[in-house]
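Novice: Have a peek at data24.txt (compact mmCIF, C-alpha atoms).
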# COMPACT_ATOMS: atom_id res chain seq x y z
CA MET P 1263 -54.35 12.80 20.85
CA ILE P 1264 -57.84 11.68 19.96
CA ILE P 1265 -59.00 8.13 19.36
CA GLU P 1266 -62.14 7.54 17.31
CA LEU P 1267 -64.03 4.37 16.55
CA LYS P 1268 -66.33 5.06 13.61
CA ASN P 1269 -69.06 2.51 12.86
CA VAL P 1270 -66.83 -0.25 14.13
CA SER P 1271 -68.17 -3.80 14.03
CA LYS P 1272 -66.39 -7.05 14.72
CA LYS P 1273 -67.46 -10.52 13.70
CA PHE P 1274 -65.78 -13.83 14.39
CA GLY P 1275 -67.24 -16.23 11.87
CA SER P 1276 -70.97 -15.65 12.01
CA LEU P 1277 -70.91 -14.26 15.54
CA GLU P 1278 -71.08 -10.47 15.70
CA ILE P 1279 -69.44 -9.39 18.95
CA ILE P 1280 -69.36 -5.63 18.36
CA LYS P 1281 -72.13 -3.93 16.38
CA SER P 1282 -71.47 -0.62 14.69
CA ILE P 1283 -70.14 1.39 17.62
CA ASN P 1284 -69.19 5.04 17.51
CA VAL P 1285 -67.07 6.36 20.32
CA LYS P 1286 -64.40 8.99 20.89
CA PHE P 1287 -61.64 9.04 23.48
CA GLU P 1288 -59.98 12.35 24.36
CA GLU P 1289 -57.11 13.46 26.55
CA ASN P 1290 -57.50 14.31 30.22
CA LYS P 1291 -60.27 11.77 30.70
CA ILE P 1292 -60.46 8.36 32.29
CA TYR P 1293 -62.89 6.10 30.47
CA GLY P 1294 -64.52 3.06 31.98
CA ILE P 1295 -65.77 0.19 29.87
CA ILE P 1296 -68.17 -2.16 31.63
CA GLY P 1297 -70.16 -5.16 30.51
CA LYS P 1298 -70.80 -8.83 31.23
CA ASN P 1299 -68.11 -11.43 30.69
CA GLY P 1300 -67.81 -12.21 27.00
CA CYS P 1301 -69.59 -9.03 25.88
CA GLY P 1302 -66.58 -7.86 23.85
CA LYS P 1303 -64.60 -5.53 26.18
CA SER P 1304 -61.26 -7.18 25.42
CA VAL P 1305 -62.09 -7.35 21.70
CA LEU P 1306 -62.78 -3.60 21.75
CA LEU P 1307 -59.49 -2.88 23.53
CA LYS P 1308 -57.57 -5.05 21.06
CA MET P 1309 -59.12 -3.22 18.14
CA ILE P 1310 -58.02 0.07 19.68
CA CYS P 1311 -54.48 -1.33 19.99
CA GLY P 1312 -54.53 -2.44 16.37
CA PHE P 1313 -54.31 -6.18 17.11
CA TYR P 1314 -57.75 -6.97 15.71
CA LYS P 1315 -59.11 -5.63 12.47
CA PRO P 1316 -62.69 -4.33 12.56
CA SER P 1317 -65.03 -6.24 10.24
CA SER P 1318 -66.24 -2.80 9.24
CA GLY P 1319 -65.56 0.76 10.31
CA GLU P 1320 -62.39 2.55 11.27
CA VAL P 1321 -60.14 2.95 14.28
CA LEU P 1322 -58.49 6.36 14.04
CA PHE P 1323 -55.67 7.86 16.06
CA ASN P 1324 -55.52 11.60 15.33
CA HIS P 1325 -57.58 10.89 12.18
CA GLU P 1326 -55.10 8.24 11.00
CA ASN P 1327 -56.47 4.75 10.29
CA ILE P 1328 -54.03 2.49 12.09
CA ILE P 1329 -55.10 -0.75 10.39
CA LYS P 1330 -54.96 0.76 6.90
CA ASN P 1331 -51.49 2.15 7.66
CA LYS P 1332 -50.36 -1.16 9.16
CA VAL P 1333 -49.31 0.36 12.45
CA PHE P 1334 -50.22 -0.43 16.04
CA ALA P 1335 -51.67 2.17 18.38
CA PRO P 1336 -49.06 4.95 18.63
CA ASP P 1337 -47.70 6.09 22.00
CA THR P 1338 -49.85 3.48 23.74
CA ARG P 1339 -49.24 0.90 26.42
CA ALA P 1340 -51.72 -1.74 27.50
CA VAL P 1341 -52.31 -4.64 29.81
CA ILE P 1342 -55.14 -6.69 28.35
CA GLU P 1343 -54.50 -10.31 29.15
CA ASN P 1344 -51.97 -11.90 31.46
CA PRO P 1345 -48.75 -10.49 30.07
CA SER P 1346 -46.00 -12.98 29.48
CA PHE P 1347 -43.11 -11.68 31.52
CA LEU P 1348 -39.98 -13.82 31.65
CA PRO P 1349 -40.33 -16.19 34.62
CA ASN P 1350 -36.64 -16.53 35.43
CA LEU P 1351 -36.09 -12.80 35.69
CA THR P 1352 -37.08 -10.57 38.61
CA GLY P 1353 -39.83 -7.98 38.30
CA GLN P 1354 -37.28 -5.20 37.96
CA GLU P 1355 -35.23 -7.12 35.37
CA ASN P 1356 -38.36 -7.73 33.33
CA LEU P 1357 -39.16 -4.02 33.26
CA LYS P 1358 -35.55 -3.11 32.41
CA LEU P 1359 -35.57 -5.57 29.53
CA LEU P 1360 -38.85 -4.15 28.20
CA ALA P 1361 -37.54 -0.61 28.59
CA SER P 1362 -34.44 -1.57 26.58
CA ILE P 1363 -36.62 -2.01 23.47
CA GLN P 1364 -37.10 1.73 23.03
CA ASN P 1365 -34.45 2.97 25.48
CA LYS P 1366 -36.54 5.97 26.51
CA ILE P 1367 -36.31 5.76 30.27
CA SER P 1368 -33.70 5.40 32.98
CA ASP P 1369 -33.42 2.84 35.77
CA GLU P 1370 -34.51 5.56 38.20
CA ILE P 1371 -37.87 5.86 36.46
CA ILE P 1372 -38.34 2.09 36.63
CA GLU P 1373 -37.52 2.24 40.32
CA LYS P 1374 -40.06 5.01 40.86
CA THR P 1375 -42.73 3.09 38.93
CA LEU P 1376 -42.19 -0.02 41.04
CA LYS P 1377 -42.64 2.11 44.16
CA ASP P 1378 -45.76 3.71 42.69
CA VAL P 1379 -47.43 0.31 42.30
CA ASN P 1380 -46.17 -0.97 45.68
CA LEU P 1381 -43.91 -3.57 44.11
CA TRP P 1382 -40.54 -2.25 45.24
CA ASP P 1383 -40.20 -4.77 48.05
CA GLU P 1384 -40.67 -7.61 45.59
CA LYS P 1385 -38.45 -6.23 42.85
CA ASP P 1386 -35.72 -8.83 43.37
CA LYS P 1387 -38.04 -11.82 43.43
CA LYS P 1388 -38.33 -13.91 40.29
CA TYR P 1389 -41.51 -13.39 38.33
CA SER P 1390 -42.30 -17.10 38.58
CA THR P 1391 -42.78 -16.64 42.35
CA TYR P 1392 -45.19 -13.71 42.03
CA SER P 1393 -48.79 -13.95 43.24
CA LEU P 1394 -51.66 -12.89 40.96
CA GLY P 1395 -51.77 -9.45 42.54
CA MET P 1396 -48.03 -8.93 42.08
CA LYS P 1397 -48.28 -10.00 38.43
CA GLN P 1398 -51.10 -7.51 37.92
CA LYS P 1399 -49.04 -4.75 39.50
CA LEU P 1400 -46.11 -5.52 37.22
CA GLY P 1401 -48.48 -5.41 34.25
CA ILE P 1402 -49.65 -1.97 35.39
CA ALA P 1403 -46.04 -0.86 35.95
CA GLN P 1404 -45.05 -1.71 32.37
CA VAL P 1405 -47.94 0.47 31.17
CA LEU P 1406 -47.00 3.42 33.37
CA MET P 1407 -43.21 3.43 33.18
CA GLU P 1408 -42.70 4.93 29.72
CA ASP P 1409 -45.34 7.64 30.28
CA PRO P 1410 -47.40 6.98 27.13
CA THR P 1411 -50.26 9.23 26.09
CA VAL P 1412 -52.71 6.33 25.89
CA MET P 1413 -52.99 3.77 28.69
CA ILE P 1414 -55.27 0.77 28.40
CA PHE P 1415 -56.09 -1.53 31.30
CA ASP P 1416 -58.26 -4.63 31.22
CA GLU P 1417 -59.45 -5.56 34.72
CA PRO P 1418 -56.26 -4.12 36.21
CA PHE P 1419 -57.12 -4.51 39.88
CA ASN P 1420 -57.80 -8.25 40.00
CA GLY P 1421 -56.07 -9.71 43.03
CA ILE P 1422 -54.51 -6.42 44.12
CA ASP P 1423 -54.71 -5.39 47.81
CA GLU P 1424 -56.86 -2.40 48.79
CA GLU P 1425 -53.96 -0.17 49.77
CA SER P 1426 -52.24 -0.65 46.39
CA LYS P 1427 -55.54 -0.16 44.55
CA LYS P 1428 -56.07 3.18 46.29
CA LYS P 1429 -52.51 4.25 45.52
CA ILE P 1430 -52.74 3.33 41.82
CA ARG P 1431 -56.18 4.96 41.45
CA LYS P 1432 -54.81 8.15 43.01
CA LEU P 1433 -51.84 8.04 40.64
CA LEU P 1434 -54.05 7.59 37.56
CA LYS P 1435 -56.27 10.48 38.58
CA LYS P 1436 -53.26 12.81 38.84
CA LEU P 1437 -51.98 12.11 35.34
CA LYS P 1438 -52.38 14.94 32.83
CA ASP P 1439 -52.83 14.89 29.04
CA LYS P 1440 -53.54 11.19 28.99
CA ILE P 1441 -56.26 8.99 27.58
CA ILE P 1442 -56.88 6.24 30.11
CA ILE P 1443 -59.25 3.40 29.23
CA ILE P 1444 -60.12 0.86 31.90
CA ALA P 1445 -62.29 -2.20 31.40
CA THR P 1446 -63.54 -3.06 34.84
CA HIS P 1447 -66.17 -4.69 36.97
CA GLU P 1448 -65.22 -2.73 40.08
CA LYS P 1449 -67.96 -0.34 41.16
CA GLU P 1450 -65.47 1.83 42.98
CA ASP P 1451 -63.52 2.39 39.73
CA ILE P 1452 -66.67 3.48 37.97
CA GLU P 1453 -67.77 5.76 40.75
CA ARG P 1454 -64.49 7.30 41.81
CA LEU P 1455 -62.04 6.96 38.98
CA THR P 1456 -63.73 7.31 35.62
CA ASN P 1457 -65.02 10.52 34.07
CA VAL P 1458 -66.95 8.71 31.34
CA THR P 1459 -68.34 5.19 31.46
CA TYR P 1460 -69.53 3.11 28.53
CA GLU P 1461 -71.39 -0.14 28.76
CA ILE P 1462 -71.19 -2.81 26.08
CA LYS P 1463 -74.51 -4.60 25.86
CA GLU P 1464 -75.50 -7.00 23.07
CA GLY P 1465 -72.65 -5.66 20.97
CA LYS P 1466 -73.69 -2.03 21.26
CA ILE P 1467 -72.07 0.68 23.34
CA ILE P 1468 -74.05 3.08 25.51
CA GLN P 1469 -72.80 5.92 27.65
CA LYS P 1470 -73.73 5.43 31.29
CA LYS P 1471 -71.93 8.34 32.89
CA MET N 911 -34.83 -4.73 20.89
CA LEU N 912 -32.91 -7.72 19.63
CA LYS N 913 -31.87 -8.45 23.21
CA TYR N 914 -35.50 -8.61 24.35
CA ILE N 915 -36.51 -10.96 21.54
CA ILE N 916 -33.47 -13.21 21.98
CA ASP N 917 -33.89 -13.37 25.78
CA SER N 918 -37.59 -14.03 25.44
CA ASP N 919 -37.10 -16.71 22.76
CA PHE N 920 -34.30 -18.34 24.71
CA GLN N 921 -36.59 -18.64 27.73
CA GLY N 922 -39.09 -20.29 25.41
CA VAL N 923 -36.45 -22.79 24.25
CA LEU N 924 -35.41 -23.54 27.84
CA LYS N 925 -39.01 -24.49 28.65
CA LEU N 926 -38.55 -27.39 26.23
CA LYS N 927 -35.47 -28.76 28.01
CA LYS N 928 -37.21 -31.92 29.22
CA LYS N 929 -38.41 -32.72 25.70
CA PHE N 930 -34.93 -32.07 24.31
CA LEU N 931 -33.41 -34.28 26.98
CA PHE N 932 -35.78 -37.11 26.08
CA PHE N 933 -34.96 -36.69 22.40
CA THR N 934 -31.23 -36.69 23.16
CA ILE N 935 -31.60 -39.97 25.06
CA LEU N 936 -33.31 -41.46 22.00
CA MET N 937 -30.45 -40.20 19.84
CA ILE N 938 -27.90 -41.82 22.16
CA ALA N 939 -29.84 -45.09 22.01
CA PHE N 940 -29.87 -44.87 18.21
CA ALA N 941 -26.13 -44.17 18.25
CA PHE N 942 -25.60 -47.33 20.27
CA TYR N 943 -27.73 -49.28 17.79
CA ASN N 944 -25.67 -47.94 14.85
CA LEU N 945 -22.32 -48.68 16.47
CA LYS N 946 -22.94 -52.00 18.16
CA ILE N 947 -25.77 -53.64 16.22
CA LEU N 948 -25.18 -52.34 12.71
CA GLY N 949 -21.39 -52.12 13.25
CA LEU N 950 -21.08 -48.72 11.55
CA ASP N 951 -18.07 -46.42 12.00
CA ILE N 952 -18.24 -43.30 14.15
CA VAL N 953 -18.58 -40.80 11.27
CA GLU N 954 -21.43 -42.74 9.66
CA THR N 955 -23.09 -43.08 13.08
CA PHE N 956 -22.67 -39.31 13.58
CA HIS N 957 -24.37 -38.70 10.22
CA ASN N 958 -27.20 -41.11 11.02
CA ILE N 959 -28.14 -39.85 14.47
CA LEU N 960 -28.26 -36.26 13.27
CA GLY N 961 -30.30 -37.19 10.19
CA LEU N 962 -27.62 -35.85 7.88
CA ASN N 963 -27.36 -38.56 5.20
CA ALA N 964 -30.91 -39.75 4.66
CA ASP N 965 -31.81 -41.17 1.27
CA TRP N 966 -34.93 -42.84 -0.07
CA ASP N 967 -33.01 -46.02 -0.88
CA LYS N 968 -31.45 -46.20 2.59
CA ASN N 969 -32.61 -47.48 5.95
CA ILE N 970 -36.07 -46.03 6.74
CA LEU N 971 -34.90 -45.34 10.31
CA ILE N 972 -32.51 -42.66 9.04
CA ILE N 973 -35.37 -40.93 7.22
CA ILE N 974 -37.44 -41.09 10.41
CA VAL N 975 -34.52 -39.52 12.30
CA LEU N 976 -34.32 -36.71 9.72
CA LEU N 977 -38.09 -36.21 9.97
CA SER N 978 -37.84 -35.93 13.75
CA HIS N 979 -35.18 -33.19 13.45
CA VAL N 980 -37.38 -31.43 10.89
CA PHE N 981 -40.40 -31.79 13.17
CA ILE N 982 -38.48 -30.23 16.08
CA ALA N 983 -37.45 -27.31 13.89
CA ILE N 984 -41.07 -26.73 12.81
CA TYR N 985 -42.34 -27.12 16.38
CA LEU N 986 -39.77 -24.58 17.55
CA GLU N 987 -40.83 -22.13 14.83
CA PHE N 988 -44.52 -22.40 15.78
CA LEU N 989 -43.68 -22.10 19.47
CA LEU N 990 -41.60 -18.96 18.99
CA LEU N 991 -44.32 -17.36 16.86
CA ASP N 992 -47.14 -18.33 19.24
CA LYS N 993 -45.15 -16.92 22.12
CA ASP N 994 -45.22 -13.44 20.59
CA PHE N 995 -48.65 -13.47 18.93
CA LYS N 996 -50.54 -15.11 21.77
CA TRP N 997 -48.76 -14.22 25.00
CA ASN N 998 -46.51 -11.25 24.32
CA THR N 999 -48.81 -9.13 22.19
CA GLU N 1000 -49.18 -5.89 24.07
CA LEU N 1001 -45.76 -6.05 25.76
CA LEU N 1002 -43.98 -6.32 22.43
CA PHE N 1003 -46.01 -4.93 19.55
CA LEU N 1004 -46.92 -1.63 21.19
CA ARG N 1005 -43.17 -1.00 21.48
CA VAL N 1006 -41.93 -2.08 18.06
CA ASP N 1007 -43.05 -1.81 14.46
CA LEU N 1008 -43.77 -4.84 12.28
CA LYS N 1009 -40.68 -4.53 10.11
CA LYS N 1010 -38.29 -4.42 13.04
CA TRP N 1011 -40.08 -7.26 14.79
CA TYR N 1012 -39.90 -9.46 11.69
CA PHE N 1013 -36.24 -8.71 11.07
CA PHE N 1014 -35.16 -9.33 14.67
CA LYS N 1015 -37.40 -12.38 14.99
CA SER N 1016 -35.76 -13.91 11.90
CA ILE N 1017 -32.34 -13.41 13.49
CA SER N 1018 -33.47 -14.79 16.83
CA THR N 1019 -35.02 -17.90 15.25
CA ILE N 1020 -31.84 -18.83 13.43
CA LEU N 1021 -29.87 -18.22 16.64
CA MET N 1022 -32.17 -20.55 18.60
CA THR N 1023 -31.94 -23.24 15.93
CA SER N 1024 -28.17 -22.81 15.81
CA PHE N 1025 -27.95 -23.10 19.60
CA ILE N 1026 -29.80 -26.43 19.56
CA LYS N 1027 -27.80 -27.79 16.64
CA ILE N 1028 -24.45 -26.74 18.10
CA ILE N 1029 -25.31 -28.50 21.38
CA GLN N 1030 -26.28 -31.65 19.45
CA PHE N 1031 -23.17 -31.59 17.27
CA LEU N 1032 -20.82 -30.96 20.20
CA LEU N 1033 -22.45 -33.63 22.33
CA PHE N 1034 -22.01 -36.33 19.71
CA ILE N 1035 -18.57 -35.15 18.62
CA ILE N 1036 -17.54 -35.73 22.24
CA LEU N 1037 -19.54 -38.94 22.83
CA LEU N 1038 -18.46 -40.59 19.60
CA GLN N 1039 -14.92 -39.22 19.93
CA ILE N 1040 -14.99 -37.76 16.44
CA PRO N 1041 -11.40 -36.76 15.46
CA ILE N 1042 -12.33 -33.09 15.40
CA LYS N 1043 -8.77 -31.85 14.92
CA THR N 1044 -8.56 -33.47 11.48
CA ILE N 1045 -12.11 -32.93 10.24
CA TRP N 1046 -13.14 -29.71 12.02
CA LEU N 1047 -13.78 -27.85 8.77
CA TYR N 1048 -15.97 -30.66 7.48
CA CYS N 1049 -17.97 -30.69 10.74
CA LEU N 1050 -18.32 -26.91 10.66
CA LYS N 1051 -19.56 -26.92 7.05
CA LEU N 1052 -21.95 -29.75 7.87
CA LEU N 1053 -23.26 -27.85 10.90
CA VAL N 1054 -23.85 -24.67 8.88
CA THR N 1055 -25.57 -26.63 6.07
CA ASP N 1056 -27.79 -28.42 8.60
CA ILE N 1057 -28.76 -25.13 10.27
CA ILE N 1058 -29.56 -23.43 6.95
CA TYR N 1059 -31.51 -26.49 5.74
CA LEU N 1060 -33.66 -26.49 8.86
CA TYR N 1061 -34.03 -22.72 8.73
CA ILE N 1062 -35.40 -22.95 5.18
CA ILE N 1063 -37.94 -25.47 6.48
CA GLN N 1064 -38.76 -23.06 9.31
CA GLN N 1065 -39.34 -20.28 6.77
CA ILE N 1066 -41.78 -22.58 4.93
CA ALA N 1067 -43.37 -23.34 8.31
CA PHE N 1068 -43.72 -19.58 8.90
CA THR N 1069 -45.68 -19.27 5.64
CA PHE N 1070 -47.89 -22.16 6.74
CA TYR N 1071 -48.38 -20.53 10.16
CA VAL N 1072 -49.62 -17.35 8.54
CA LEU N 1073 -51.89 -19.25 6.10
CA ILE N 1074 -53.36 -21.37 8.91
CA SER N 1075 -53.97 -18.16 10.88
CA ILE N 1076 -56.04 -16.85 7.98
CA LYS N 1077 -58.12 -19.98 7.81
CA ARG N 1078 -57.80 -22.91 10.17
CA ASN N 1079 -59.22 -25.27 7.52
CA TYR N 1080 -56.07 -24.79 5.47
CA TYR N 1081 -54.28 -26.94 8.05
CA ILE N 1082 -55.05 -30.34 6.43
CA GLY N 1083 -54.27 -29.10 2.94
CA LEU N 1084 -50.99 -27.58 4.03
CA LEU N 1085 -50.01 -30.73 5.92
CA LEU N 1086 -50.59 -32.79 2.78
CA LEU N 1087 -48.66 -30.24 0.73
CA PHE N 1088 -45.75 -30.46 3.14
CA ILE N 1089 -45.73 -34.27 2.96
CA CYS N 1090 -45.71 -34.10 -0.87
CA MET N 1091 -42.94 -31.49 -0.79
CA PHE N 1092 -40.87 -33.67 1.47
CA PHE N 1093 -40.79 -36.40 -1.17
CA ARG N 1094 -39.42 -33.90 -3.71
CA ILE N 1095 -36.89 -31.86 -1.74
CA PRO N 1096 -33.30 -33.09 -1.28
CA ILE N 1097 -32.91 -34.83 2.08
CA ASN N 1098 -29.23 -35.75 2.17
CA ILE N 1099 -27.61 -32.86 4.02
CA VAL N 1100 -24.08 -34.26 3.55
CA ASN N 1101 -24.52 -34.02 -0.24
CA LEU N 1102 -26.00 -30.54 0.06
CA MET N 1103 -22.83 -29.08 1.58
CA SER N 1104 -21.60 -28.19 -1.92
CA TYR N 1105 -24.68 -26.03 -2.47
CA LEU N 1106 -24.38 -23.93 0.70
CA LYS N 1107 -24.18 -20.62 -1.17
CA ILE N 1108 -27.37 -21.45 -3.10
CA PHE N 1109 -29.06 -22.34 0.19
CA ILE N 1110 -28.15 -18.98 1.66
CA ILE N 1111 -29.64 -17.22 -1.38
CA ILE N 1112 -32.82 -19.33 -1.10
CA THR N 1113 -33.05 -18.41 2.60
CA ILE N 1114 -32.83 -14.70 1.88
CA ILE N 1115 -35.47 -14.99 -0.87
CA LEU N 1116 -37.82 -16.88 1.47
CA ILE N 1117 -37.34 -14.29 4.23
CA VAL N 1118 -38.27 -11.49 1.81
CA ILE N 1119 -41.29 -13.40 0.40
CA ASN N 1120 -42.49 -14.18 3.91
CA TYR N 1121 -42.20 -10.54 4.90
CA ILE N 1122 -44.35 -9.50 1.93
CA ILE N 1123 -46.98 -12.11 2.87
CA PHE N 1124 -46.77 -11.27 6.56
CA GLN N 1125 -47.17 -7.54 6.02
CA LYS N 1126 -50.49 -8.11 4.25
CA THR N 1127 -51.84 -10.71 6.67
CA TYR N 1128 -50.28 -10.02 10.08
CA ILE N 1129 -53.60 -9.31 11.80
CA SER N 1130 -54.64 -12.95 11.24
CA CYS N 1131 -51.75 -14.03 13.46
CA PHE N 1132 -53.13 -11.99 16.35
CA GLU N 1133 -56.70 -13.16 15.77
CA ARG N 1134 -55.57 -16.79 15.37
CA LYS N 1135 -56.57 -18.04 18.79
CA VAL N 1136 -60.02 -16.49 18.58
CA LYS N 1137 -61.02 -18.16 15.32
Would you give me this structure, written as structure tokens?
Specialist:
Amino acid sequence: MIIELKNVSKKFGSLEIIKSINVKFEENKIYGIIGKNGCGKSVLLKMICGFYKPSSGEVLFNHENIIKNKVFAPDTRAVIENPSFLPNLTGQENLKLLASIQNKISDEIIEKTLKDVNLWDEKDKKYSTYSLGMKQKLGIAQVLMEDPTVMIFDEPFNGIDEESKKKIRKLLKKLKDKIIIIATHEKEDIERLTNVTYEIKEGKIIQKK
Amino acid sequence: MLKYIIDSDFQGVLKLKKKFLFFTILMIAFAFYNLKILGLDIVETFHNILGLNADWDKNILIIIVLLSHVFIAIYLEFLLLDKDFKWNTELLFLRVDLKKWYFFKSISTILMTSFIKIIQFLLFIILLQIPIKTIWLYCLKLLVTDIIYLYIIQQIAFTFYVLISIKRNYYIGLLLLFICMFFRIPINIVNLMSYLKIFIIITIILIVINYIIFQKTYISCFERKVK
């Protein structure tokens, strides 16, 4: 899998958030996207997912223009904003319900994923009782559980305890044949986790690492 | 996939339970007014509180009641759409394609509307002691007509939702258009029971037209909150 953004710009009204960026994402790499609040990180991630249409340029997955073909990012999972899990269901029930959409994975895999993100002990608690950190972990779990090729995380470690952060970082580093894109402010992610880091500044993208 | 959408939409409907309860209390108060103040019979009261026999030459209150049921149906439609486009985006749309989502969402919406209407009908059949054994077929036909009528309005609301997503300024124009339409469309649901088959055909046509529009403009729905 290869993701390409070719001369991609994005305007909202007269405000140009992203200015003609060219970037490629390849397998077996973890990409970091950094930048100030409001610089356009989430907008970029949503364009990659196919939720926002570039004002100009193309978003290509294996040379296929996803917007032109009216498809969303193939074989991709993401956690970009606070995902809207069902509050009256437990964490595990929420994941099972999501997994039932494509029916690709078993309950055992969901169980393993919950353990991987240190959420197994809270699996039977209703989502409405979850702390911010627990909600973040569940968001990460729904990305990981179906083993997609492309994984997109927007500030994934907000509110998560250090032990869980270390565990999830270790897990992400071990994954093979994946494209992992993480928008983050955490220095440790940039230094220890990512292979390539881009910074969005004044709408442009520059490679930092 | 249908299970996910139905469960998710049902949770959305349950969040409105306090508003529905308040509205039901108003309906009960209006029922009391019909029975005790106006001295109407139970069937006519049943029609009035559910907004089923409004007419331009009748009591304005009945038209207001119909409008409130229509408003709830439109509000529900917007809520169920917002829920997916604003809050459920990456959970849902990275797992399904547009066509499937649209098809299952259409089914789920009519199920949610039906659920609310069935509760309302049953509640007032019981409260007013409607002789259901003798007129069950009539009540059933009336219920189905009411659901389809509101669902047609929800399909029109869907078109408006998409158009407003493209350009927020369309909102005023569309509101005025809807008000004008309301003066032209039939509003007496009791009389419309004879045209149920035509209604079903109209519903299917609207679903297809909306899909064609939606397919070309779906991105606007995701970008809606940013504009």
Novice: For a quick check of understanding, using all atoms listed in the file, which of P:Asp1337, P:Asp1451, P:Asp1423, P:Glu1464 has the smallest distance to chain N?
Specialist: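 Closest to chain N, using all atoms listed in the file: P:Asp1337.
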Novice: Which one is closest to Gly1275 in chain P: N:Ile916, N:Ala1067, N:Ile1026, N:Ile1076? Count only C-alpha atoms.
Specialist: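 Closest to Gly1275 in chain P of all the choices is N:Ile1076.
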Novice: Within 7 Å of chain N, which residues of chain P come that close, and what is the closest atom pair and distance in Å for each? Count only C-alpha atoms and give it as CSV.
Specialist:
residue,atom,partner,partner_atom,distance
P:Phe1274,CA,N:Lys1137,CA,6.5
P:Phe1313,CA,N:Phe1132,CA,6.0
P:Tyr1314,CA,N:Ile1129,CA,6.2
P:Lys1315,CA,N:Ile1129,CA,6.7
P:Val1333,CA,N:Asp1007,CA,6.9
P:Phe1334,CA,N:Leu1004,CA,6.2
P:Ala1335,CA,N:Leu1004,CA,6.7
P:Thr1338,CA,N:Leu1004,CA,6.4
P:Arg1339,CA,N:Leu1004,CA,6.3
P:Ala1340,CA,N:Glu1000,CA,6.0
P:Val1341,CA,N:Glu1000,CA,6.7
P:Pro1345,CA,N:Asn998,CA,6.2
P:Ser1346,CA,N:Trp997,CA,5.4
P:Leu1348,CA,N:Ser918,CA,6.7
P:Leu1359,CA,N:Tyr914,CA,6.0
P:Leu1360,CA,N:Tyr914,CA,6.8
P:Ser1362,CA,N:Met911,CA,6.5
P:Ile1363,CA,N:Met911,CA,4.2
P:Gln1364,CA,N:Arg1005,CA,6.8
Novice: Would you compute an axis-aligned box for range 1122-1136 of chain N, covering every atom listed for it in the file with 4 Å of margin on each side, and report centre and edge lengths in Å to one decimal as JSON?
Specialist:
{"center_x": -52.2, "center_y": -12.8, "center_z": 10.4, "size_x": 23.7, "size_y": 18.5, "size_z": 24.9}
Novice: Between CA of Ala1403 in chain P and CA of Ser1426 in chain P, what is the spacing in Å?
Specialist: 12.1 Å
Novice: CA of Thr1352 in chain P to CA of Lys1387 in chain P: how many Å, to one decimal?
Specialist: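 Separation of CA of Thr1352 in chain P and CA of Lys1387 in chain P: 5.1 Å.
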Novice: Determine the nearest neighbour of Tyr1012 in chain N from the options N:Ser978, N:Asn944, N:Asn1098, N:Gln1065, counting all atoms listed in the file.
Specialist: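 When distances to Tyr1012 in chain N are compared using all atoms listed in the file, the smallest one comes from N:Gln1065.
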Novice: Please report the interatomic distance between CA of Met1396 in chain P and CA of Val1379 in chain P in Å with one decimal.
Specialist: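 Computed distance, CA of Met1396 in chain P to CA of Val1379 in chain P, equals 9.3 Å.
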Novice: Using only C-alpha atoms, can you tell me which of N:Leu989, N:Ile1117, N:Leu1052, N:Leu948 comes closest to Met1022 in chain N?
Specialist: N:Leu989
Novice: From (-39.4, -24.4, 10.9), in the file's coordinates, out to 9 Å: which residues are reached, counting only C-alpha atoms? Answer as a PyMOL selection string.
Specialist: chain N and resi 980-988+1019+1060-1068
Novice: Pick from P:Cys1301, P:Ile1402, P:Met1413, P:Ile1310: nearest to Asn1327 in chain P, with only C-alpha atoms counted?
Specialist: P:Ile1310
Novice: Here is a test: counting only C-alpha atoms, which residue of N:Leu1033, N:Ile959, N:Leu936, N:Val1072 is nearest to Arg1134 in chain N?
Specialist: N:Val1072
Novice: Using all atoms listed in the file, which protein or nucleic acid residues come within 8 Å of range 1034-1048 of chain N? Drop anything in the same chain fewer than 5 positions from it, and give the result as a list in words.
Specialist: Ile952, Val953 and Phe956 of chain N
